[in-house]
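What follows is a set of notes on a single structure, which appears directly below.
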Amino acid sequence: MSDDSNLRTHLVSVIVPCFNMEKYIARFLDSILEQTYTKIELILVNDGSTDGTRDIIKTYLPRLERVCEQVHVVDQKNKGLAGAVSTGLSRFSGEFLTWPDPDDWLEPDSLERRVALLRRYPEVGLVRSNAHLFGEQEDRIVGTIMKDARASEEPQQVDDLFEKLVFRKTFFAPVCHFVRSRDFLASNSSRSIYYTPKAPQNLQMLLPISQMYPALIDPIPTGSYCKRPDSRSQVIYSKSAKKLYDRYSVMLDILEHVLPELPHPNPAATHIVLEHNRRNMLLPVAFRGALDDECRSMLDRTSVSQMRKNAAKALISIRTGPAFGMLDTATAKIPSKILARLFGRLTRFPESECQWHSRKPIH
């Protein structure tokens with residue numbers, strides 16, 4: 001049973017997880033002050049910041065309180081991004097909900113446009129908007145998240161967002177997402193999400209509601225996503241196999257906890273998703289990076305046949321052997337590329353089987 005009886009009509013709740021954001025928070029708060037839609041409940045969760053984040057928020061409070069209907073500042077010990085958002089979920093009261101990161105920022109009509117879209121399309125549960133990509137190193141806009149989107153196109157309703165999310169075939173940027181609170185609570189009545197100190201927030205927020213309701217894809221950028229060299233999302237471009245393995249491990253941990261708790265759990269499909277993550281994402285990274293212990297441990301967690309596991313472990317022993325690194329370097333890494341292909345043939349989960357087969361969304 002969803003807890004939506006006390007939601008305030010027209011109000012947009014904006015949950016903002018803040019940890020050591022003194023370099024960025026003013027830019028984000030300025031974008032809140034510039035909103036054309038002012039029925040805002042702003043919930044700033046100071047997640048144990050050790051820099052000047054809290055002081056900057058304090059200087060903005062008088063102006064924020066003049067513009068927004070409600071402003072809440074919550075101070076807590078550090079729980080991580082997902083933990084900070086979960087704290088905000090226990091407090092929000094708006095008809096609509098969004099949870100942008102404070103190193104990103106909103107276009108002036110961001111909230112107004114998305115409220116209008118959810119009113120225009122009552123059958124969808126969430127809007128997934130385009131966003132500008134701001135390159136911090138370049139100090140300019142370098143593109144958009146939806147690269148092929150055309151501003152002239154009409155918003156498009158889709159029913160396959162959930163499957164794209166579970167198989168990680170699309171982006172997760174929080175600044176792009178805006179939900180109808182009634183529908184969010186119908187899919188997540190606990191008003192909380194799974195969190196650990198390292199867990200990001202968006203997958204847990206989006207999976208339940210996208211399983212139950214269609215999404216609306218809006219090609220118009222309603223915010224800017226800051227592409228920072230040190231952000232967690234940029235780890236996927238890192239040359240460090242260990243960092244990438246750790247990032248994928250966090251995502252696997254989230255899926256292992258969230259999928260069984262979905263509104264419509266599907267154990268067989270959950271097995272497929274977890275196998276895809278272990279065999280097609282974590283194992284290749286661990287093998288390429290010669291992460292012996294990680295590779296063996298993850299291999300043992302898969303449903304690969306014992307015969308293939310034994311053969312794969314033999315390749316791991318060769319790849320991580322003391323003399324292999326020198327040979328590999330001397331031969332332009334050709335041996336490791338050959339071994340990686342052989343390893344993939346033994347362990348890879350068939351892409352053709354990567355389907356959730358979920359029930360139809362509730363309209």
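Quick note on naming: the chains in the structure tokens go A, B, ... in the order shown, residues restart at 1 in each chain, and ligands are numbered from 1 in order of appearance.
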
**Message:** I'd like the neighbourhood of His357 in chain A as a list in words, where a residue qualifies if any of its atoms comes within 10 Å (using only C-alpha atoms), though same-chain residues fewer than 4 positions away should be ignored.
**Reply:** Glu163, Asn266, Ala268 and Ala269 of chain A

Those residues with all heavy atoms, as a PDB file, in the first residue's frame please?
```pdb
ATOM      1  N   GLU A 163      14.178  -2.806 -18.577  1.00  0.00           N
ATOM      2  CA  GLU A 163      15.098  -3.822 -19.093  1.00  0.00           C
ATOM      3  C   GLU A 163      16.442  -3.208 -19.475  1.00  0.00           C
ATOM      4  O   GLU A 163      17.499  -3.804 -19.252  1.00  0.00           O
ATOM      5  CB  GLU A 163      14.478  -4.543 -20.292  1.00  0.00           C
ATOM      6  CG  GLU A 163      15.299  -5.723 -20.758  1.00  0.00           C
ATOM      7  CD  GLU A 163      14.489  -6.758 -21.524  1.00  0.00           C
ATOM      8  OE1 GLU A 163      13.379  -7.098 -21.084  1.00  0.00           O
ATOM      9  OE2 GLU A 163      14.973  -7.216 -22.568  1.00  0.00           O
ATOM     10  N   ASN A 266      11.150 -11.574 -10.172  1.00  0.00           N
ATOM     11  CA  ASN A 266      11.218 -12.653 -11.152  1.00  0.00           C
ATOM     12  C   ASN A 266      12.535 -13.389 -10.935  1.00  0.00           C
ATOM     13  O   ASN A 266      13.571 -12.980 -11.468  1.00  0.00           O
ATOM     14  CB  ASN A 266      11.133 -12.055 -12.562  1.00  0.00           C
ATOM     15  CG  ASN A 266      11.075 -13.122 -13.641  1.00  0.00           C
ATOM     16  OD1 ASN A 266      11.597 -14.228 -13.479  1.00  0.00           O
ATOM     17  ND2 ASN A 266      10.462 -12.790 -14.770  1.00  0.00           N
ATOM     18  N   ALA A 268      13.910 -16.157 -11.986  1.00  0.00           N
ATOM     19  CA  ALA A 268      14.619 -16.663 -13.168  1.00  0.00           C
ATOM     20  C   ALA A 268      15.295 -15.523 -13.922  1.00  0.00           C
ATOM     21  O   ALA A 268      16.450 -15.641 -14.348  1.00  0.00           O
ATOM     22  CB  ALA A 268      13.651 -17.411 -14.083  1.00  0.00           C
ATOM     23  N   ALA A 269      14.574 -14.418 -14.082  1.00  0.00           N
ATOM     24  CA  ALA A 269      15.152 -13.267 -14.780  1.00  0.00           C
ATOM     25  C   ALA A 269      16.256 -12.617 -13.944  1.00  0.00           C
ATOM     26  O   ALA A 269      17.254 -12.136 -14.485  1.00  0.00           O
ATOM     27  CB  ALA A 269      14.063 -12.251 -15.093  1.00  0.00           C
TER      28      ALA A 269
END
```

**In range 70-229 of chain A, DSSP strand (DSSP E or B) residues written as a ChimeraX atom specification** = /A:70-76,94-98,105-106,126-135,140-144,156-158,177-180,215-227

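For the pair CA of Asp159 in chain A and CA of Thr144 in chain A, the separation is 22.6 Å.
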
Range 5-56 of chain A near range 114-117 of chain A within 10 Å: what's each residue's closest atom pair and its distance in Å to one decimal, counting only C-alpha atoms, ordered by chain then ascending residue number, as CSV?
```
residue,atom,partner,partner_atom,distance
A:His10,CA,A:Val115,CA,8.2
A:Leu11,CA,A:Val115,CA,9.5
A:Val12,CA,A:Val115,CA,8.2
A:Tyr37,CA,A:Val115,CA,9.1
```

**Prompt:** Of the candidates A:Leu185, A:Val166, A:Leu64, A:Val71, which shows the shortest atom-to-atom distance to Asp30 in chain A, using only C-alpha atoms?
**Reply:**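 The closest residue to Asp30 in chain A is A:Leu64.
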
**Message:** When you look at Phe19 in chain A with a cut-off of 12 Å (counting only C-alpha atoms), what residues show up, excluding the ones that are within fewer than 6 positions of it in the same chain? I need them as a list of chain:residue names.
**Reply:** A:Ile25, A:Leu44, A:Val45, A:Asn46, A:Asp47, A:Gly48, A:Ser49, A:Thr50, A:Asp51, A:Gly52, A:Thr53, A:Arg54, A:Ile57, A:Val74, A:Asp75, A:Gln76, A:Lys77, A:Asn78, A:Lys79, A:Gly80, A:Leu81, A:Ala82, A:Gly83, A:Ala84, A:Val85, A:Asp101, A:Pro102, A:Asp103, A:Pro197

**Request:** Please return as a ChimeraX atom specification: the residues of range 245-291 of chain A that backbone DSSP assigns to helix (DSSP H, G or I).
**Result:** /A:245-261,267-288

Take the residues from that selection and write them out as a short mmCIF file (atom, residue, chain, number, x, y, z; two decimals), in the first residue's frame, keeping N, CA, C and O atoms.
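File produced: selection_39.cif:
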```
data_model
loop_
_atom_site.label_atom_id
_atom_site.label_comp_id
_atom_site.auth_asym_id
_atom_site.auth_seq_id
_atom_site.Cartn_x
_atom_site.Cartn_y
_atom_site.Cartn_z
N TYR A 245 36.71 -2.82 -11.68
CA TYR A 245 36.16 -4.02 -11.05
C TYR A 245 35.39 -3.64 -9.78
O TYR A 245 34.29 -4.16 -9.53
N ASP A 246 35.95 -2.75 -8.99
CA ASP A 246 35.28 -2.32 -7.77
C ASP A 246 33.96 -1.61 -8.09
O ASP A 246 32.96 -1.80 -7.39
N ARG A 247 33.96 -0.79 -9.13
CA ARG A 247 32.74 -0.08 -9.54
C ARG A 247 31.66 -1.09 -9.97
O ARG A 247 30.51 -1.01 -9.55
N TYR A 248 32.03 -2.05 -10.81
CA TYR A 248 31.08 -3.06 -11.25
C TYR A 248 30.59 -3.91 -10.08
O TYR A 248 29.44 -4.35 -10.04
N SER A 249 31.47 -4.16 -9.10
CA SER A 249 31.08 -4.95 -7.93
C SER A 249 30.00 -4.23 -7.12
O SER A 249 29.07 -4.87 -6.60
N VAL A 250 30.13 -2.91 -7.01
CA VAL A 250 29.11 -2.13 -6.31
C VAL A 250 27.76 -2.26 -7.02
O VAL A 250 26.71 -2.45 -6.39
N MET A 251 27.78 -2.16 -8.34
CA MET A 251 26.54 -2.27 -9.11
C MET A 251 25.93 -3.66 -8.97
O MET A 251 24.71 -3.81 -8.86
N LEU A 252 26.77 -4.69 -8.97
CA LEU A 252 26.28 -6.05 -8.78
C LEU A 252 25.64 -6.19 -7.41
O LEU A 252 24.57 -6.80 -7.26
N ASP A 253 26.26 -5.64 -6.40
CA ASP A 253 25.72 -5.68 -5.04
C ASP A 253 24.34 -5.03 -4.98
O ASP A 253 23.42 -5.54 -4.34
N ILE A 254 24.20 -3.90 -5.66
CA ILE A 254 22.89 -3.23 -5.70
C ILE A 254 21.85 -4.13 -6.34
O ILE A 254 20.74 -4.31 -5.81
N LEU A 255 22.18 -4.71 -7.48
CA LEU A 255 21.23 -5.57 -8.17
C LEU A 255 20.85 -6.78 -7.33
O LEU A 255 19.68 -7.20 -7.30
N GLU A 256 21.82 -7.36 -6.63
CA GLU A 256 21.54 -8.52 -5.79
C GLU A 256 20.56 -8.19 -4.67
O GLU A 256 19.77 -9.04 -4.24
N HIS A 257 20.58 -6.94 -4.20
CA HIS A 257 19.68 -6.55 -3.12
C HIS A 257 18.34 -6.02 -3.63
O HIS A 257 17.31 -6.23 -3.00
N VAL A 258 18.36 -5.31 -4.77
CA VAL A 258 17.15 -4.63 -5.24
C VAL A 258 16.22 -5.56 -6.03
O VAL A 258 15.00 -5.53 -5.84
N LEU A 259 16.77 -6.39 -6.90
CA LEU A 259 15.92 -7.20 -7.78
C LEU A 259 14.95 -8.11 -7.03
O LEU A 259 13.79 -8.23 -7.42
N PRO A 260 15.37 -8.78 -5.96
CA PRO A 260 14.41 -9.63 -5.24
C PRO A 260 13.29 -8.85 -4.55
O PRO A 260 12.27 -9.43 -4.19
N GLU A 261 13.49 -7.53 -4.35
CA GLU A 261 12.51 -6.71 -3.64
C GLU A 261 11.63 -5.89 -4.59
O GLU A 261 10.87 -5.03 -4.14
N PRO A 267 12.54 -14.46 -10.12
CA PRO A 267 13.80 -15.14 -9.79
C PRO A 267 14.59 -15.62 -10.99
O PRO A 267 15.82 -15.51 -11.02
N ALA A 268 13.91 -16.16 -11.99
CA ALA A 268 14.62 -16.66 -13.17
C ALA A 268 15.29 -15.52 -13.92
O ALA A 268 16.45 -15.64 -14.35
N ALA A 269 14.57 -14.42 -14.08
CA ALA A 269 15.15 -13.27 -14.78
C ALA A 269 16.26 -12.62 -13.94
O ALA A 269 17.25 -12.14 -14.48
N THR A 270 16.09 -12.61 -12.62
CA THR A 270 17.13 -12.08 -11.75
C THR A 270 18.42 -12.86 -11.93
O THR A 270 19.51 -12.27 -11.99
N HIS A 271 18.32 -14.18 -12.02
CA HIS A 271 19.50 -15.02 -12.25
C HIS A 271 20.20 -14.61 -13.55
O HIS A 271 21.43 -14.51 -13.60
N ILE A 272 19.42 -14.34 -14.58
CA ILE A 272 20.00 -13.94 -15.87
C ILE A 272 20.75 -12.62 -15.73
O ILE A 272 21.88 -12.46 -16.23
N VAL A 273 20.14 -11.64 -15.06
CA VAL A 273 20.77 -10.33 -14.89
C VAL A 273 22.08 -10.46 -14.11
O VAL A 273 23.11 -9.87 -14.49
N LEU A 274 22.07 -11.23 -13.04
CA LEU A 274 23.27 -11.37 -12.22
C LEU A 274 24.36 -12.13 -12.97
O LEU A 274 25.54 -11.78 -12.87
N GLU A 275 23.97 -13.14 -13.73
CA GLU A 275 24.95 -13.86 -14.53
C GLU A 275 25.57 -12.94 -15.58
O GLU A 275 26.77 -12.98 -15.83
N HIS A 276 24.75 -12.10 -16.20
CA HIS A 276 25.26 -11.15 -17.19
C HIS A 276 26.31 -10.24 -16.56
O HIS A 276 27.37 -9.99 -17.14
N ASN A 277 26.03 -9.73 -15.37
CA ASN A 277 26.96 -8.83 -14.71
C ASN A 277 28.25 -9.54 -14.31
O ASN A 277 29.34 -9.00 -14.46
N ARG A 278 28.12 -10.75 -13.78
CA ARG A 278 29.32 -11.47 -13.35
C ARG A 278 30.17 -11.92 -14.54
O ARG A 278 31.40 -11.75 -14.53
N ARG A 279 29.54 -12.47 -15.55
CA ARG A 279 30.27 -13.12 -16.63
C ARG A 279 30.66 -12.17 -17.76
O ARG A 279 31.69 -12.36 -18.41
N ASN A 280 29.85 -11.16 -18.01
CA ASN A 280 30.12 -10.27 -19.15
C ASN A 280 30.72 -8.93 -18.76
O ASN A 280 31.15 -8.17 -19.62
N MET A 281 30.74 -8.63 -17.47
CA MET A 281 31.29 -7.35 -17.04
C MET A 281 32.44 -7.53 -16.05
O MET A 281 33.55 -7.08 -16.29
N LEU A 282 32.18 -8.19 -14.94
CA LEU A 282 33.21 -8.32 -13.92
C LEU A 282 34.34 -9.26 -14.34
O LEU A 282 35.52 -8.93 -14.18
N LEU A 283 34.01 -10.43 -14.85
CA LEU A 283 35.06 -11.39 -15.21
C LEU A 283 36.02 -10.88 -16.27
O LEU A 283 37.24 -11.02 -16.12
N PRO A 284 35.54 -10.29 -17.37
CA PRO A 284 36.49 -9.78 -18.37
C PRO A 284 37.45 -8.72 -17.81
O PRO A 284 38.64 -8.71 -18.15
N VAL A 285 36.93 -7.83 -16.96
CA VAL A 285 37.77 -6.79 -16.36
C VAL A 285 38.82 -7.42 -15.45
O VAL A 285 40.01 -7.07 -15.49
N ALA A 286 38.39 -8.37 -14.61
CA ALA A 286 39.32 -9.03 -13.70
C ALA A 286 40.40 -9.80 -14.46
O ALA A 286 41.57 -9.81 -14.07
N PHE A 287 40.00 -10.44 -15.55
CA PHE A 287 40.97 -11.22 -16.33
C PHE A 287 41.98 -10.31 -17.03
O PHE A 287 43.18 -10.53 -16.97
N ARG A 288 41.48 -9.26 -17.68
CA ARG A 288 42.38 -8.34 -18.37
C ARG A 288 43.34 -7.67 -17.40
O ARG A 288 44.49 -7.41 -17.74
#
```

**Prompt:** CA of Glu107 in chain A and CA of Pro221 in chain A, how far apart in Å?
**Reply:**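 Value for the CA of Pro221 in chain A-CA of Glu107 in chain A distance: 7.9 Å.
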
**Asked** Distance CA of Arg308 in chain A-CA of Leu339 in chain A, one decimal place?
**Response**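 CA of Leu339 in chain A lies 14.3 Å from CA of Arg308 in chain A.
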
**Close residues, Tyr121 in chain A itself excluded, 12 Å, only C-alpha atoms, min 3 positions apart in chain, as a PyMOL selection string** = chain A and resi 114-118+124-127+155-157+179-180+213-218+363

**Request:** Give the answer as one residue: which of A:Lys147, A:Arg120, A:Arg168, A:Arg182 has the shortest atom-to-atom distance to Thr9 in chain A, using only C-alpha atoms?
**Result:**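 That would be A:Arg182, the residue with the smallest distance to Thr9 in chain A.
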
**Message:** Which residue is closest to Gly325 in chain A? Choose from A:Gly289, A:Glu65, A:Lys239, A:Pro17 and count only C-alpha atoms.
**Reply:**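 Answer, going by the shortest atom-to-atom distance: A:Gly289.
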
**For Arg91 in chain A: contacts at 12 Å, only C-alpha atoms, fewer than 5 positions along chain excluded, given as number ranges by chain** = A: 3, 6-7, 13-15, 41-45, 70-74, 84-86, 97, 190-192

**Request:** With a distance cut-off of 8 Å and only C-alpha atoms, select the neighbouring residues of Pro263 in chain A, excluding the residue or stretch itself and same-chain residues fewer than 6 positions from it, and output the selection as a count of residues only.
**Result:** 5
